[in-house]
>>> print(open('upload.cif').read())   # mmCIF, C-alpha atoms
data_data
loop_
_atom_site.label_atom_id
_atom_site.label_comp_id
_atom_site.auth_asym_id
_atom_site.auth_seq_id
_atom_site.Cartn_x
_atom_site.Cartn_y
_atom_site.Cartn_z
CA GLN A 1 1.39 23.02 22.62
CA LYS A 2 2.73 19.96 20.78
CA GLY A 3 0.12 20.22 18.04
CA ILE A 4 -1.49 17.42 16.09
CA SER A 5 0.71 15.60 13.60
CA LEU A 6 -1.43 12.55 12.69
CA LEU A 7 1.76 10.48 12.77
CA ARG A 8 3.38 8.34 15.44
CA GLU A 9 6.86 9.87 15.25
CA ASP A 10 8.14 7.73 18.13
CA TYR A 11 7.05 4.55 16.35
CA VAL A 12 8.43 5.66 12.97
CA GLU A 13 11.77 6.90 14.29
CA GLY A 14 12.06 4.09 16.81
CA PHE A 15 10.77 0.71 15.73
CA ILE A 16 10.55 1.13 11.94
CA ALA A 17 13.92 2.90 11.67
CA ARG A 18 15.67 0.27 13.85
CA SER A 19 14.10 -2.52 11.82
CA ALA A 20 15.38 -0.98 8.59
CA ASP A 21 18.86 -0.54 10.11
CA LYS A 22 19.01 -4.23 11.09
CA LYS A 23 18.20 -5.27 7.54
CA ASP A 24 20.64 -2.73 6.05
CA SER A 25 17.88 -1.49 3.78
CA VAL A 26 15.37 1.29 3.55
CA SER A 27 11.87 0.36 4.60
CA ILE A 28 9.13 1.49 2.21
CA LEU A 29 6.93 2.35 5.19
CA TYR A 30 9.77 4.36 6.75
CA SER A 31 10.27 6.26 3.50
CA ILE A 32 6.55 6.97 3.22
CA SER A 33 6.39 8.07 6.86
CA ASN A 34 9.05 10.71 6.26
CA LEU A 35 7.14 12.38 3.42
CA PRO A 36 5.26 15.65 3.98
CA ALA A 37 1.63 15.11 5.10
CA PRO A 38 0.00 15.84 1.69
CA LEU A 39 2.06 13.02 0.16
CA ARG A 40 2.34 10.77 3.23
CA ILE A 41 -1.38 10.29 3.86
CA PRO A 42 -2.41 9.07 0.38
CA SER A 43 0.83 7.09 -0.04
CA SER A 44 0.45 5.26 3.26
CA PHE A 45 -3.22 4.62 2.47
CA ALA A 46 -2.29 3.06 -0.89
CA PHE A 47 0.53 1.06 0.75
CA PHE A 48 -1.68 -0.37 3.50
CA HIS A 49 -4.54 -1.05 1.08
CA THR A 50 -2.39 -3.08 -1.31
CA ALA A 51 -0.17 -4.85 1.25
CA PRO A 52 1.01 -7.59 1.76
CA PHE A 53 3.39 -7.80 -1.15
CA ILE A 54 5.20 -10.81 -2.58
CA SER A 55 8.40 -11.76 -0.82
CA LEU A 56 10.41 -14.71 -2.10
CA GLN A 57 12.54 -14.90 1.04
CA LEU A 58 11.68 -18.35 2.41
CA VAL A 59 14.92 -19.04 4.28
CA ARG A 60 16.36 -17.14 7.23
CA ASP A 61 19.85 -17.95 8.51
CA GLY A 62 19.88 -21.13 6.39
CA VAL A 63 16.61 -22.45 7.83
CA PHE A 64 13.34 -22.78 5.90
CA VAL A 65 10.67 -20.78 7.76
CA PRO A 66 7.07 -21.89 7.03
CA ARG A 67 5.70 -18.49 8.14
CA LEU A 68 7.72 -16.83 5.38
CA ALA A 69 6.35 -19.34 2.85
CA LEU A 70 2.81 -18.50 3.94
CA GLY A 71 3.63 -14.79 3.60
CA CYS A 72 4.82 -15.43 0.05
CA LEU A 73 1.60 -17.29 -0.75
CA VAL A 74 -0.54 -14.50 0.70
CA GLY A 75 1.37 -11.97 -1.41
CA PHE A 76 0.40 -13.86 -4.57
CA LEU A 77 -3.20 -14.37 -3.44
CA ASN A 78 -3.52 -10.70 -2.53
CA ILE A 79 -3.15 -9.78 -6.21
CA PHE A 80 -6.27 -11.82 -7.03
CA PHE A 81 -8.16 -10.76 -3.90
CA LEU A 82 -7.66 -7.07 -4.67
CA GLY A 83 -8.79 -7.67 -8.24
CA TYR A 84 -12.05 -9.16 -6.99
CA TRP A 85 -12.33 -6.36 -4.42
CA THR A 86 -12.00 -3.85 -7.29
CA ARG A 87 -14.85 -5.56 -9.17
CA SER A 88 -17.04 -5.27 -6.11
CA PHE A 89 -16.02 -1.65 -5.54
CA PHE A 90 -16.87 -0.52 -9.07
CA ILE A 91 -20.19 -2.35 -9.35
CA SER A 92 -21.23 -1.21 -5.87
CA TYR A 93 -20.38 2.39 -6.69
CA ARG A 94 -22.13 2.35 -10.05
CA GLU A 95 -25.30 0.69 -8.75
CA ARG A 96 -25.34 2.26 -5.27
CA ASN A 97 -28.97 3.38 -5.69
CA LEU A 98 -30.07 -0.30 -5.66
CA PRO A 99 -30.59 -1.83 -2.17
CA VAL A 100 -27.98 -4.62 -2.27
CA ALA A 101 -25.36 -2.51 -4.05
CA ASN A 102 -26.02 0.31 -1.59
CA LEU A 103 -25.29 -2.05 1.30
CA MET A 104 -22.11 -3.26 -0.40
CA TRP A 105 -21.09 0.36 -1.09
CA ARG A 106 -21.49 1.18 2.60
CA ILE A 107 -19.38 -1.85 3.53
CA HIS A 108 -16.70 -0.59 1.11
CA LEU A 109 -16.76 2.81 2.80
CA VAL A 110 -16.38 1.19 6.23
CA TYR A 111 -13.46 -0.90 4.94
CA LEU A 112 -11.73 2.10 3.35
CA ALA A 113 -12.24 4.17 6.52
CA GLY A 114 -10.63 1.36 8.50
CA ILE A 115 -7.66 1.24 6.11
CA PHE A 116 -7.35 5.01 6.41
CA MET A 117 -7.29 4.84 10.21
CA VAL A 118 -4.72 2.02 10.26
CA SER A 119 -2.50 3.75 7.70
CA THR A 120 -2.68 7.14 9.38
CA PHE A 121 -2.86 6.52 13.11
CA SER A 122 -1.52 3.00 13.72
CA LEU A 123 1.12 2.31 11.04
CA GLN A 124 1.16 -1.35 12.07
CA MET A 125 0.32 -3.92 9.41
CA ARG A 126 -0.99 -6.37 11.99
CA HIS A 127 -3.84 -3.97 12.76
CA LYS A 128 -5.13 -4.49 9.22
CA THR A 129 -6.06 -8.01 10.35
CA MET A 130 -9.19 -6.70 12.07
CA LEU A 131 -10.47 -5.60 8.65
CA LEU A 132 -9.99 -9.03 7.02
CA PRO A 133 -13.56 -10.29 7.63
CA VAL A 134 -14.97 -7.19 5.90
CA PHE A 135 -12.40 -7.56 3.11
CA CYS A 136 -13.40 -11.23 2.61
CA ILE A 137 -17.07 -10.24 2.28
CA LEU A 138 -16.15 -7.70 -0.40
CA VAL A 139 -13.90 -10.17 -2.24
CA ALA A 140 -16.70 -12.77 -2.21
CA HIS A 141 -19.07 -10.15 -3.62
CA GLY A 142 -16.49 -9.38 -6.32
CA LEU A 143 -16.39 -13.07 -7.29
CA SER A 144 -20.10 -12.92 -8.12
CA VAL A 145 -19.84 -9.83 -10.35
CA THR A 146 -20.65 -10.60 -13.98
CA ASP A 147 -20.56 -7.04 -15.35
CA ALA A 148 -17.94 -6.86 -18.12
CA SER A 149 -16.64 -3.37 -17.32
CA ALA A 150 -16.24 -4.16 -13.59
CA ARG A 151 -14.43 -7.39 -14.47
CA ARG A 152 -12.14 -5.43 -16.79
CA MET A 153 -11.35 -2.95 -14.01
CA GLY A 154 -10.55 -5.86 -11.69
CA LYS A 155 -8.18 -7.38 -14.24
CA LEU A 156 -6.53 -4.01 -14.78
CA PHE A 157 -5.97 -3.60 -11.04
CA MET A 158 -4.58 -7.16 -10.80
CA LEU A 159 -2.18 -6.42 -13.66
CA ALA A 160 -1.05 -3.14 -12.07
CA LEU A 161 -0.51 -4.76 -8.67
CA ALA A 162 1.33 -7.71 -10.21
CA SER A 163 3.57 -5.24 -12.08
CA VAL A 164 4.35 -3.33 -8.87
CA ASN A 165 5.15 -6.60 -7.09
CA LEU A 166 7.39 -7.74 -9.96
CA ALA A 167 9.20 -4.40 -10.04
CA ALA A 168 9.75 -4.55 -6.26
CA LEU A 169 11.14 -8.10 -6.55
CA LEU A 170 13.52 -7.10 -9.34
CA LEU A 171 14.77 -4.02 -7.48
CA ARG A 172 15.66 -5.95 -4.30
#
>>> encode(input="upload.cif", output="structure tokens")
Amino acid sequence: QKGISLLREDYVEGFIARSADKKDSVSILYSISNLPAPLRIPSSFAFFHTAPFISLQLVRDGVFVPRLALGCLVGFLNIFFLGYWTRSFFISYRERNLPVANLMWRIHLVYLAGIFMVSTFSLQMRHKTMLLPVFCILVAHGLSVTDASARRMGKLFMLALASVNLAALLLR
């Protein structure tokens, strides 16, 4: 009788909303979670795929927090990692009829399915951690790509993600 919503309303309205209230700001994830399903599903997928983002907050209550510094570093590295992932994605898709590229294409599909499940059913960023070994394999494959058009696509994605990060930093 409740129906299927594909969203954890209790988590969104409880934990995420309280977290945003404590910070006196609007959480991007909370905003995405309140969109209608046709917009929410692709938006949350894109958010979870491209997260973590750069945060320059290194001090909390006047104390330097090393965990926040590591989060800042990972935000910067993520721009490069997703660029290499994009290289791997495009070359694997284009050459998916070859044995090695077909295997890499299947690994990409598994990774994207995992991101979809985390972004739709879990909504917790920490659950993306279980996909990191697969992501690292795909990034390493992207490092070995020499195809000029795939490299260009990777650079374009890096530039777009860096622009989004910069815009988010300037709007805070």
>>> residues_around(input="upload.cif", residues="range 37-53 of chain A", least_positions_apart="5", cutoff="9 Å", atoms="only C-alpha atoms", output="list in words")
Ser5, Leu6, Leu7, Ile28, Leu29, Ile32, Gly71, Cys72, Val74, Gly75, Phe76, Asn78, Ile79, Leu82, Leu112, Ile115, Phe116, Met117, Val118, Ser119, Thr120, Leu123, Met125, Lys128, Leu161, Val164, Asn165 and Ala168 of chain A
>>> closest_residue(input="upload.cif", among="A:Leu143, A:Val100, A:Ile107, A:Ala162", to="Trp85 in chain A", atoms="only C-alpha atoms")
A:Leu143
>>> closest_residue(input="upload.cif", among="A:Ile137, A:Trp105, A:Met158, A:Val63", to="Leu77 in chain A", atoms="all atoms listed in the file")
A:Met158
>>> closest_residue(input="upload.cif", among="A:Ser27, A:Ser55, A:Ser33, A:Ser88", to="Val139 in chain A", atoms="all atoms listed in the file")
A:Ser88
>>> resolve_selection(input="upload.cif", expression="the PyMOL selection byres ((chain A and resi 109) around 12)", output="VMD selection string")
chain A and resid 89 92 to 93 96 102 to 108 110 to 116 134 to 135 138
>>> closest_residue(input="upload.cif", among="A:Glu95, A:Phe80, A:Thr129, A:Gly142", to="Leu159 in chain A", atoms="all atoms listed in the file")
A:Phe80
